[in-house]
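Trainee: Once you've had a glance at the structure underneath, I'll fire off some questions.
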Amino acid sequence: MRESAVHKSFHPRRELGRTGFVATLLGIGDLADRSVPIEQCVATARRAMDYGLNVIDTAPGYEDGYSEQIVGRAVKGRRDGLFVIDKIDHHDRPVGPQIDQSLGRLGLDAVDLFVFHGLSKLDSFRTMTAEGGAFDQLDAAIAAGKARFAGISSHDPDTLLAAIDSGRFAVLMFPVGPYVDERYVTQVLPQAKSAGIGTVCFKSFGAGKLLGDTAGYGRPLADRPRGKLSSGGQDTATPTLPHMGVSECLQYTLTCDPDVALLGMSFANEVDAAIAAALDFRPLTDEQAAATRARAQTAIQDKGPCWWNP
């Protein structure tokens with residue numbers, strides 16, 4: 001896609017739950033790769049912003065703060081009109097110092113949303129509701145002006161359903177894609193919408209497993225299926241595993257209709273591929289969606305555990 005084409009293809013389309021912020025269909029995520037110069041990472045994020053995308057996500061654990069540094073530089077001078085999400089990685093540590101450290105790496109006084117990152121055990125969720133516990137500490141940070149809203153990200157439908165019932169959170173982040181536990185789509189997503197809670201969803205590509213031969217996020221597979229033995233007893237070439245395409249996966253996620261589909265965009269070509277797929281979006285029929293899920297079942301095989309499914 002030519003540089004001249006990078007111009008506001010997307011416009012805000014829907015309020016993100018009760019936040020009052022009108023978000024774009026796609027969001028910017030996974031900006032973290034220390035093998036890539038920070039200037040290039042910042043340029044990639046700004047390329048996505050130039051298309052009009054207005055939700056951007058980071059976390060301290062993404063490359064040990066590198067992602068936060070990238071996002072901070074990317075939004076500098078462009079903060080207005082953006083919804084910035086950051087995370088609290090350590091649920092058993094005081095919340096305030098973690099927030100202050102993240103804001104320091106971002107170079108911001110506040111973000112729009114802090115979420116408890118990967119809160120995927122119901123027992124932990126219940127512990128954190130105690131008086132003076134982690135949830136109260138995040139509320140105190142919001143009262144102090146360091147964030148506007150609270151949320152959680154989770155890889156557990158039961159925890160997410162408890163979060164909805166609690167009424168404490170403005171936004172939930174969870175997997176929605178061709179290969180996820182069906183409860184994310186059939187229970188969590190509609191119940192969150194009914195409760196007026198924003199939904200920012202990830203795992204459209206199954207951490208990359210659906211698109212390529214990886215154990216997730218570009219990590220090589222430890223074990224691969226072996227080729228058949230030839231008549232001479234030698235292994236034939238290791239076979240390429242089944243893959244899906246960016247458009248195929250994203251069409252499924254968008255058909256499920258979360259408020260925002262958060263996509264990894266570490267490189268300019270990834271931005272362009274996601275934008276092109278979203279611009280071509282047409283909702284899938286029930287039969288097409290079922291066929292996409294079946295292809296995902298095949299494409300995910302032999303690529304290791306899918307930690308986002310309980």
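By convention in this document, the chains of the structure tokens carry letters A, B, ... by their order, each chain's residues are numbered from 1, and ligands are numbered from 1 in the order they are shown.
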Excluding Leu103 of chain A and its own-chain neighbours fewer than 6 positions away, which residues fall within 10 Å of it when counting only C-alpha atoms? Please give them as a list in words.
Mentor: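 These residues fall inside the cut-off: Pro60, Glu68, Gln69, Gly72, Asp86, Pro97, Asp109, Ala110, Val111, Lys146 and Ala147 of chain A.
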Trainee: Segment 228-298 of chain A near segment 209-220 of chain A within 8 Å: what's each residue's closest atom pair and its distance in Å to one decimal, counting only C-alpha atoms, ordered by chain then ascending residue number, as JSON lines?
Mentor:
{"residue": "A:Thr240", "atom": "CA", "partner": "A:Asp213", "partner_atom": "CA", "distance": 7.4}
{"residue": "A:Leu241", "atom": "CA", "partner": "A:Asp213", "partner_atom": "CA", "distance": 6.4}
{"residue": "A:Pro242", "atom": "CA", "partner": "A:Gly212", "partner_atom": "CA", "distance": 7.8}
{"residue": "A:His243", "atom": "CA", "partner": "A:Leu211", "partner_atom": "CA", "distance": 5.1}
{"residue": "A:Met244", "atom": "CA", "partner": "A:Leu211", "partner_atom": "CA", "distance": 5.2}
{"residue": "A:Gly245", "atom": "CA", "partner": "A:Leu211", "partner_atom": "CA", "distance": 6.0}
{"residue": "A:Val246", "atom": "CA", "partner": "A:Leu211", "partner_atom": "CA", "distance": 7.0}
{"residue": "A:Ala296", "atom": "CA", "partner": "A:Leu210", "partner_atom": "CA", "distance": 6.6}
Trainee: Could you go through segment 91-252 of chain A and tell me which residues DSSP, when run on the backbone, assigns to strand (DSSP E or B), listing them as an NGL selection string?
Mentor: :A and (111-116 or 147-153 or 171-175 or 198-202 or 216 or 219 or 229 or 235)
Trainee: Could you dump the residues just selected with C-alpha atoms as a PDB file, in the first residue's frame?
Mentor:
ATOM      1  CA  VAL A 111      -3.822   6.668  30.746  1.00  0.00           C
ATOM      2  CA  ASP A 112      -7.433   5.989  29.887  1.00  0.00           C
ATOM      3  CA  LEU A 113      -7.585   2.425  31.191  1.00  0.00           C
ATOM      4  CA  PHE A 114      -5.515   0.284  33.529  1.00  0.00           C
ATOM      5  CA  VAL A 115      -6.370  -3.404  33.520  1.00  0.00           C
ATOM      6  CA  PHE A 116      -5.164  -6.276  35.647  1.00  0.00           C
ATOM      7  CA  ALA A 147      -6.416   6.584  34.904  1.00  0.00           C
ATOM      8  CA  ARG A 148     -10.021   7.100  33.931  1.00  0.00           C
ATOM      9  CA  PHE A 149     -11.248   3.512  34.022  1.00  0.00           C
ATOM     10  CA  ALA A 150     -10.524   0.039  35.406  1.00  0.00           C
ATOM     11  CA  GLY A 151     -10.687  -3.343  33.706  1.00  0.00           C
ATOM     12  CA  ILE A 152      -9.203  -6.794  33.490  1.00  0.00           C
ATOM     13  CA  SER A 153      -7.746  -8.946  30.748  1.00  0.00           C
ATOM     14  CA  VAL A 171     -13.787  -2.640  29.926  1.00  0.00           C
ATOM     15  CA  LEU A 172     -12.912  -6.319  29.601  1.00  0.00           C
ATOM     16  CA  MET A 173     -10.176  -7.756  27.384  1.00  0.00           C
ATOM     17  CA  PHE A 174     -10.387 -11.394  26.284  1.00  0.00           C
ATOM     18  CA  PRO A 175      -9.888 -13.756  23.324  1.00  0.00           C
ATOM     19  CA  GLY A 198     -16.614  -2.351  26.723  1.00  0.00           C
ATOM     20  CA  THR A 199     -15.035  -5.309  24.932  1.00  0.00           C
ATOM     21  CA  VAL A 200     -11.496  -5.187  23.544  1.00  0.00           C
ATOM     22  CA  CYS A 201     -10.658  -8.591  22.119  1.00  0.00           C
ATOM     23  CA  PHE A 202      -7.501 -10.342  20.986  1.00  0.00           C
ATOM     24  CA  GLY A 216       3.072 -18.502  19.600  1.00  0.00           C
ATOM     25  CA  ARG A 219       8.580 -18.673  18.920  1.00  0.00           C
ATOM     26  CA  LEU A 229      10.559 -42.520   6.005  1.00  0.00           C
ATOM     27  CA  ASP A 235      13.298 -38.789   6.725  1.00  0.00           C
TER      28      ASP A 235
END
Trainee: Can you tell me, as a list of chain:residue names, what residues are no more than 10 Å from Gly96 of chain A when counting only C-alpha atoms, ignoring any on the same chain fewer than 3 positions away?
Mentor: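 Close residues of Gly96 of chain A: A:Ile88, A:Arg93, A:Ile99, A:Asp100, A:Gln101, A:Ala134, A:Gln137, A:Leu138, A:Ala140, A:Ala141, A:Lys146.
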Trainee: Atoms to include: C-alpha atoms. Write the selected residues as an mmCIF file, in the first residue's frame.
Mentor:
data_model
loop_
_atom_site.group_PDB
_atom_site.id
_atom_site.type_symbol
_atom_site.label_atom_id
_atom_site.label_comp_id
_atom_site.auth_asym_id
_atom_site.auth_seq_id
_atom_site.Cartn_x
_atom_site.Cartn_y
_atom_site.Cartn_z
ATOM 1 C CA ILE A 88 -0.886 -4.152 35.960
ATOM 2 C CA ARG A 93 2.069 -6.506 44.737
ATOM 3 C CA ILE A 99 1.139 2.293 37.945
ATOM 4 C CA ASP A 100 3.707 5.007 38.696
ATOM 5 C CA GLN A 101 6.469 2.979 37.043
ATOM 6 C CA ALA A 134 -5.949 -4.755 44.457
ATOM 7 C CA GLN A 137 -6.039 0.189 45.102
ATOM 8 C CA LEU A 138 -6.764 0.652 41.400
ATOM 9 C CA ALA A 140 -7.670 4.886 44.431
ATOM 10 C CA ALA A 141 -5.299 5.460 41.508
ATOM 11 C CA LYS A 146 -3.804 8.383 37.001
#
Trainee: Atom CA of Phe267 of chain A and atom CA of Leu254 of chain A, how far apart in Å?
Mentor: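 We find that atom CA of Leu254 of chain A and atom CA of Phe267 of chain A lie 21.6 Å from each other.
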Trainee: Compile a residue-level contact table for segment 19-84 of chain A against segment 274-288 of chain A at a cut-off of 12 Å, reporting for every qualifying residue the shortest atom pair and its distance in Å to one decimal, with only C-alpha atoms counted, rows ordered by chain and ascending number, as CSV.
Mentor:
residue,atom,partner,partner_atom,distance
A:Thr24,CA,A:Ala278,CA,11.1
A:Leu25,CA,A:Ala278,CA,8.3
A:Leu26,CA,A:Ala278,CA,8.0
A:Gly27,CA,A:Ala274,CA,10.3
A:Ile28,CA,A:Ala274,CA,10.3
A:Gly29,CA,A:Ala274,CA,11.9
A:Arg47,CA,A:Ile275,CA,10.8
A:Ala48,CA,A:Ile275,CA,8.6
A:Met49,CA,A:Ile275,CA,11.3
A:Asp50,CA,A:Ile275,CA,11.3
A:Tyr51,CA,A:Ile275,CA,8.1
A:Gly52,CA,A:Ile275,CA,10.3
A:Leu53,CA,A:Ile275,CA,9.7
Trainee: Do you have the atom CA of Leu221 of chain A-atom CA of Pro37 of chain A distance handy?
Mentor: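 Going from atom CA of Leu221 of chain A over to atom CA of Pro37 of chain A covers 25.8 Å.
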Trainee: Between A:Ala192, A:Ala273, A:Leu263, A:Val75, which residue has the minimum interatomic distance to Asp30 of chain A, considering only C-alpha atoms?
Mentor: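 Ranked by minimum distance to Asp30 of chain A, first place goes to A:Leu263.
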Trainee: Between atom CA of Ala23 of chain A and atom CA of Asp259 of chain A, what is the spacing in Å?
Mentor: 7.4 Å
